[in-house]
Amino acid sequence: MTTLQDCRARDAADPLRPLRDLFVLPDGVTYLDGNSLGPLPRAAAARIAKAVEHEWGQGLIRSWNDAGWFAMPQRVGDRIGSWIGARAGEVVATDTTSANLYKVLSAALSIAAQDRPGHRVVLSERSNFPTDLYIAQALCAERDCELRLVEAEELPAALGDRVAVLLLTHVNYRTGAMHDMAALTRAAHEGGALAIWDLAHSAGAVPVDLHAAQADFAIGCGYKYLNGGPGCPAFLWVHPKHADRFSQPLAGWWGHAVPFEFTPEYRPAPGVARYLCGTQPVLSMVGLDCGLDALDASLPHGGMQALRAKSLALTDLFIGLVEQRCGDAGLRLVTPREHADRGSQVCLAREEGAYAIMQALIARGVIGDFRAPDILRFGFTPLYVGFEDTWNAVEHLRQVFESDEWRQARFQQRHAVT
Ligand SMILES: *Cc1c(COP(=O)(O)O)cnc(C)c1O
């Protein structure tokens with residue numbers, strides 16, 4: 001039996017513990033939703049204020065050069081790249097994950113059309129995040145390709161048959177299940193397909209090595225485990241062997257080889273810079289830079305290896321405590337137990353009342369989220385979540401059931417964002 005004292009002892013012995021002070025975490029809140037929106041890094045408010053008042057206010061247009069605004073997509077991209085196994089100059093921070101997927105899937109389909117003309121299928125998982133499926137549907141219609149959706153276990157068998165592109169999210173948003181990126185990429189290549197990986201729930205959360213996996217393209221979010229702030233730029237990686245082969249369809253001037261020559265013809269920049277489109281949101285990018293500072297603060301304490309070890313310890317603890325203390329609450333563990341098969345979140349399904357239960361937890365200061373139709377989702381970010389936090393979350397969950405509190409009318413009202 002794990003006790004509260006055990007959890008406190010584990011916090012006291014945790015070398016990552018001091019890093020939580022890098023974030024603003026409101027009193028009385030246990031934040032288990034960093035997989036959807038990371039918290040505010042303490043340094044970000046002053047840094048963004050400086051960008052507003054000094055760089056914008058005083059520097060004006062000179063700041064594109066003097067404050068390094070123009071080079072930010074590459075500079076911030078390189079910082080993200082160091083967390084996902086990319087090399088310098090291979091990643092840009094830009095646009096949204098959805099828009100970036102449109103660009104890389106377009107490029108991948110163009111490469112496939114040239115190298116494997118008979119391959120006209122985009123293969124993905126039925127449970128992939130909807131925006132990935134919507135973008136794929138739109139592009140397949142545009143390119144006269146077929147979007148084929150299968151269950152995870154059907155992927156290897158489905159790969160042989162005229163697949164041009166395998167499009168997968170590494171860690172599933174609803175279940176927390178994690179794919180074997182290297183094995184699936186190898187299988188894709190053996191079947192003559194390219195592999196695109198969405199790292200929305202992976203970057204900054206789990207070890208990723210794009211080069212070791214020999215992936216072809218990757219995209220992901222800045223505002224989740226990278227703590228970049230609401231709506232901050234996403235990122236995009238292209239394997240250097242593909243980078244110069246095609247220009248993506250959103251061929252704006254920021255991706256031009258010489259944007260300030262203002263020539264009438266588009267000529268793509270060499271490398272990943274051609275995946276930029278237009279003027280970037282500088283203030284949001286500054287926030288993302290601050291989120292990466294907080295993540296980099298883990299490097300002296302072991303970086304991703306230490307973060308992953310603590311993430312698995314937290315999610316193991318949560319699963320164990322839910323079983324120990326909420327055993328008869330009708331909750332079903334959806335996330336795989338095997339360490340190699342899961343990301344940094346735990347999802348519990350309940351046939352009745354999952355939305356209301358999460359609302360009752362949020363009212364008690366335990367913030368997770370709900371994913372339709374029946375999933376309670378808890379994200380564990382080892383930079384700022386501790387073992388006692390995990391105990392408290394389960395204790396509140398237990399009380400919500402014991403008191404039947406979740407049945408109250410005020411918790412049944414659906415909000416626009418769940
Ligand atoms: C969160 C998430 C997105 C979000 O895309 P945006 O364009 O930033 O809204 C995309 N894909 C996956 C897998 C996600 O989890």
# chains A, B, ... in the order shown; residues from 1 in each chain; ligands from 1
$ residues_around --residues "Val286 in chain A" --least-positions-apart "4" --cutoff "7 Å" --atoms "only C-alpha atoms" --output "list in words"
Ile48, Val282 and Cys290 of chain A
$ write_last_selection --atoms "N, CA and C atoms" --output "compact mmCIF listing (two decimals), in the first residue's frame"
# COMPACT_ATOMS: atom_id res chain seq x y z
N ILE A 48 8.11 38.57 -22.29
CA ILE A 48 7.16 39.02 -23.31
C ILE A 48 6.92 40.53 -23.17
N VAL A 282 5.63 37.00 -33.52
CA VAL A 282 6.86 37.17 -32.72
C VAL A 282 6.58 37.04 -31.22
N CYS A 290 10.64 30.90 -24.05
CA CYS A 290 10.66 30.80 -22.58
C CYS A 290 10.28 29.38 -22.12
$ residues_around --residues "range 261-278 of chain A" --least-positions-apart "2" --cutoff "10 Å" --atoms "only C-alpha atoms" --output "ChimeraX atom specification"
/A:73-74,89-95,99-100,103-104,107,236-259,280-281
$ closest_atom_pairs --of "chain A" --to "ligand 1" --cutoff "6 Å" --atoms "only C-alpha atoms and all ligand atoms" --output "Markdown table"
| residue | atom | partner | partner_atom_place_in_ligand_line | distance |
| --- | --- | --- | --- | --- |
| A:Thr96 | CA | ligand 1 | 7 (O) | 4.3 |
| A:Thr97 | CA | ligand 1 | 7 (O) | 3.9 |
| A:Ser98 | CA | ligand 1 | 7 (O) | 3.7 |
| A:Phe129 | CA | ligand 1 | 13 (C) | 4.7 |
| A:Thr131 | CA | ligand 1 | 10 (C) | 5.8 |
| A:Asp132 | CA | ligand 1 | 11 (N) | 5.8 |
| A:Thr169 | CA | ligand 1 | 13 (C) | 5.4 |
| A:Tyr173 | CA | ligand 1 | 15 (O) | 5.3 |
| A:Asp198 | CA | ligand 1 | 13 (C) | 5.8 |
| A:Ala200 | CA | ligand 1 | 15 (O) | 4.8 |
| A:His201 | CA | ligand 1 | 15 (O) | 5.9 |
| A:Cys221 | CA | ligand 1 | 8 (O) | 5.7 |
$ closest_residue --among "A:Gly353, A:Val24, A:Asp374, A:Leu295" --to "Arg407 in chain A" --atoms "only C-alpha atoms"
A:Gly353
$ select_by_dssp --residues "range 168-326 of chain A" --states "helix (DSSP H, G or I)" --output "MDAnalysis selection string"
chainID A and resid 181:190 210:213 240:243 253:255 259:261 271:275 282:296 299:301 303:325
$ select_by_dssp --residues "range 96-223 of chain A" --states "strand (DSSP E or B)" --output "mmCIF file with C-alpha atoms, in the first residue's frame"
data_model
loop_
_atom_site.group_PDB
_atom_site.id
_atom_site.type_symbol
_atom_site.label_atom_id
_atom_site.label_comp_id
_atom_site.auth_asym_id
_atom_site.auth_seq_id
_atom_site.Cartn_x
_atom_site.Cartn_y
_atom_site.Cartn_z
ATOM 1 C CA VAL A 121 -2.957 5.664 -50.324
ATOM 2 C CA VAL A 122 -2.494 7.686 -47.146
ATOM 3 C CA LEU A 123 -2.687 5.247 -44.243
ATOM 4 C CA SER A 124 -3.588 6.424 -40.754
ATOM 5 C CA GLU A 125 -5.299 5.339 -37.581
ATOM 6 C CA GLU A 146 -7.345 7.408 -50.912
ATOM 7 C CA LEU A 147 -7.302 7.924 -47.141
ATOM 8 C CA ARG A 148 -7.372 4.519 -45.473
ATOM 9 C CA LEU A 149 -8.091 4.364 -41.743
ATOM 10 C CA VAL A 150 -7.426 1.260 -39.689
ATOM 11 C CA VAL A 163 0.625 3.050 -49.422
ATOM 12 C CA ALA A 164 2.323 6.331 -50.283
ATOM 13 C CA VAL A 165 2.380 7.854 -46.809
ATOM 14 C CA LEU A 166 1.976 6.482 -43.305
ATOM 15 C CA LEU A 167 0.620 9.339 -41.175
ATOM 16 C CA LEU A 168 0.598 8.650 -37.444
ATOM 17 C CA THR A 169 0.514 10.470 -34.146
ATOM 18 C CA VAL A 171 1.300 9.241 -28.667
ATOM 19 C CA ALA A 177 -0.812 4.752 -26.205
ATOM 20 C CA MET A 178 2.595 5.209 -27.858
ATOM 21 C CA LEU A 194 7.096 7.537 -46.370
ATOM 22 C CA ALA A 195 6.425 8.121 -42.668
ATOM 23 C CA ILE A 196 5.077 11.352 -41.150
ATOM 24 C CA TRP A 197 4.983 11.546 -37.357
ATOM 25 C CA ASP A 198 2.835 13.962 -35.379
ATOM 26 C CA PHE A 217 8.716 14.203 -41.742
ATOM 27 C CA ALA A 218 7.524 15.361 -38.320
ATOM 28 C CA ILE A 219 5.289 18.074 -36.930
ATOM 29 C CA GLY A 220 4.073 18.992 -33.449
#
$ residues_around --residues "Cys232 in chain A" --least-positions-apart "6" --cutoff "8 Å" --atoms "only C-alpha atoms" --output "number ranges by chain"
A: 222-223, 281, 284-285, 287-288
$ atom_distance --atom1 "CA of Thr315 in chain A" --atom2 "CA of Ala212 in chain A"
26.4 Å
$ decode --residues "range 232-371 of chain A" --atoms "C-alpha atoms" --output "short mmCIF file (atom, residue, chain, number, x, y, z; two decimals), in the first residue's frame"
data_model
loop_
_atom_site.label_atom_id
_atom_site.label_comp_id
_atom_site.auth_asym_id
_atom_site.auth_seq_id
_atom_site.Cartn_x
_atom_site.Cartn_y
_atom_site.Cartn_z
CA CYS A 232 2.16 29.69 -29.93
CA PRO A 233 3.87 28.41 -33.08
CA ALA A 234 4.07 24.71 -33.84
CA PHE A 235 7.13 23.05 -35.41
CA LEU A 236 8.04 21.11 -38.51
CA TRP A 237 10.95 18.78 -39.36
CA VAL A 238 11.92 17.37 -42.74
CA HIS A 239 14.62 14.75 -43.20
CA PRO A 240 17.48 16.52 -44.98
CA LYS A 241 17.32 14.01 -47.86
CA HIS A 242 13.83 15.31 -48.71
CA ALA A 243 14.21 18.96 -47.78
CA ASP A 244 15.24 20.29 -51.18
CA ARG A 245 13.11 18.02 -53.33
CA PHE A 246 9.79 19.84 -53.27
CA SER A 247 8.50 23.22 -52.30
CA GLN A 248 5.37 23.04 -50.20
CA PRO A 249 2.13 24.53 -51.56
CA LEU A 250 1.89 27.42 -49.06
CA ALA A 251 4.76 29.03 -50.91
CA GLY A 252 4.85 32.39 -49.18
CA TRP A 253 7.63 34.92 -49.14
CA TRP A 254 9.17 33.77 -45.85
CA GLY A 255 10.07 30.51 -47.57
CA HIS A 256 11.69 32.28 -50.51
CA ALA A 257 15.44 31.98 -51.11
CA VAL A 258 15.87 35.77 -51.09
CA PRO A 259 12.65 37.30 -49.66
CA PHE A 260 14.02 40.84 -49.58
CA GLU A 261 14.89 40.88 -53.26
CA PHE A 262 11.12 40.96 -53.83
CA THR A 263 11.34 39.06 -57.10
CA PRO A 264 8.06 38.16 -58.83
CA GLU A 265 8.95 34.45 -59.18
CA TYR A 266 8.95 32.06 -56.28
CA ARG A 267 12.27 30.36 -55.66
CA PRO A 268 12.28 28.18 -52.54
CA ALA A 269 14.94 28.64 -49.87
CA PRO A 270 17.29 25.70 -49.44
CA GLY A 271 16.40 23.25 -46.67
CA VAL A 272 13.58 23.45 -44.18
CA ALA A 273 13.29 27.26 -44.46
CA ARG A 274 11.07 26.72 -47.53
CA TYR A 275 8.42 25.38 -45.16
CA LEU A 276 7.91 28.87 -43.76
CA CYS A 277 5.01 30.79 -45.27
CA GLY A 278 4.48 34.35 -43.98
CA THR A 279 5.26 36.71 -41.13
CA GLN A 280 5.50 34.88 -37.82
CA PRO A 281 3.81 35.76 -34.50
CA VAL A 282 6.86 37.17 -32.72
CA LEU A 283 5.29 37.68 -29.29
CA SER A 284 4.01 34.09 -29.23
CA MET A 285 7.40 32.87 -30.40
CA VAL A 286 9.01 34.67 -27.45
CA GLY A 287 6.70 32.69 -25.16
CA LEU A 288 7.78 29.46 -26.83
CA ASP A 289 11.41 30.42 -26.32
CA CYS A 290 10.66 30.80 -22.58
CA GLY A 291 8.96 27.40 -22.47
CA LEU A 292 12.11 25.88 -23.98
CA ASP A 293 14.24 27.63 -21.34
CA ALA A 294 12.22 25.83 -18.67
CA LEU A 295 12.61 22.50 -20.44
CA ASP A 296 16.35 23.07 -20.91
CA ALA A 297 16.65 23.69 -17.16
CA SER A 298 16.21 19.92 -16.78
CA LEU A 299 19.42 19.23 -18.71
CA PRO A 300 21.79 19.46 -15.71
CA HIS A 301 19.48 17.01 -13.90
CA GLY A 302 19.52 14.39 -16.64
CA GLY A 303 17.28 15.96 -19.32
CA MET A 304 14.89 13.67 -21.15
CA GLN A 305 16.16 10.52 -19.47
CA ALA A 306 15.34 11.94 -16.03
CA LEU A 307 12.04 13.43 -17.24
CA ARG A 308 10.95 10.10 -18.74
CA ALA A 309 11.91 8.14 -15.62
CA LYS A 310 9.87 10.51 -13.44
CA SER A 311 6.95 10.58 -15.88
CA LEU A 312 6.73 6.78 -15.76
CA ALA A 313 7.03 6.80 -11.96
CA LEU A 314 4.18 9.34 -11.72
CA THR A 315 1.89 7.53 -14.14
CA ASP A 316 2.63 4.17 -12.47
CA LEU A 317 1.81 5.76 -9.10
CA PHE A 318 -1.43 7.26 -10.42
CA ILE A 319 -2.57 3.97 -11.94
CA GLY A 320 -1.69 2.09 -8.74
CA LEU A 321 -3.43 4.59 -6.46
CA VAL A 322 -6.59 4.66 -8.59
CA GLU A 323 -6.74 0.88 -8.32
CA GLN A 324 -5.96 0.97 -4.60
CA ARG A 325 -8.37 3.76 -3.65
CA CYS A 326 -11.07 3.97 -6.37
CA GLY A 327 -11.32 0.27 -7.15
CA ASP A 328 -15.12 0.15 -7.20
CA ALA A 329 -15.75 3.42 -9.04
CA GLY A 330 -16.33 1.79 -12.43
CA LEU A 331 -13.19 3.27 -13.98
CA ARG A 332 -11.41 1.40 -16.75
CA LEU A 333 -7.75 2.01 -17.53
CA VAL A 334 -7.43 2.86 -21.23
CA THR A 335 -3.71 3.65 -21.27
CA PRO A 336 -1.33 0.71 -21.78
CA ARG A 337 0.49 -0.47 -18.65
CA GLU A 338 3.68 -1.37 -20.52
CA HIS A 339 6.16 1.48 -20.22
CA ALA A 340 7.26 1.16 -23.84
CA ASP A 341 3.65 1.51 -24.99
CA ARG A 342 2.60 4.70 -23.27
CA GLY A 343 3.32 8.42 -23.30
CA SER A 344 3.05 10.82 -20.37
CA GLN A 345 -0.68 10.70 -19.68
CA VAL A 346 -3.18 8.32 -18.10
CA CYS A 347 -6.71 7.95 -19.45
CA LEU A 348 -9.59 6.37 -17.58
CA ALA A 349 -12.91 5.54 -19.21
CA ARG A 350 -16.25 5.46 -17.43
CA GLU A 351 -19.52 4.62 -19.09
CA GLU A 352 -21.53 7.14 -17.11
CA GLY A 353 -20.64 10.62 -15.96
CA ALA A 354 -17.05 11.03 -17.19
CA TYR A 355 -17.63 14.66 -18.16
CA ALA A 356 -19.32 15.53 -14.84
CA ILE A 357 -16.62 13.75 -12.84
CA MET A 358 -13.95 15.86 -14.50
CA GLN A 359 -15.97 19.03 -13.85
CA ALA A 360 -16.24 18.08 -10.17
CA LEU A 361 -12.48 17.47 -10.03
CA ILE A 362 -11.77 20.82 -11.69
CA ALA A 363 -14.02 22.54 -9.12
CA ARG A 364 -11.77 20.97 -6.46
CA GLY A 365 -8.65 22.32 -8.20
CA VAL A 366 -7.56 19.08 -9.89
CA ILE A 367 -7.39 20.07 -13.54
CA GLY A 368 -7.43 17.35 -16.17
CA ASP A 369 -9.75 17.17 -19.13
CA PHE A 370 -12.50 15.15 -20.78
CA ARG A 371 -12.39 13.64 -24.25
#
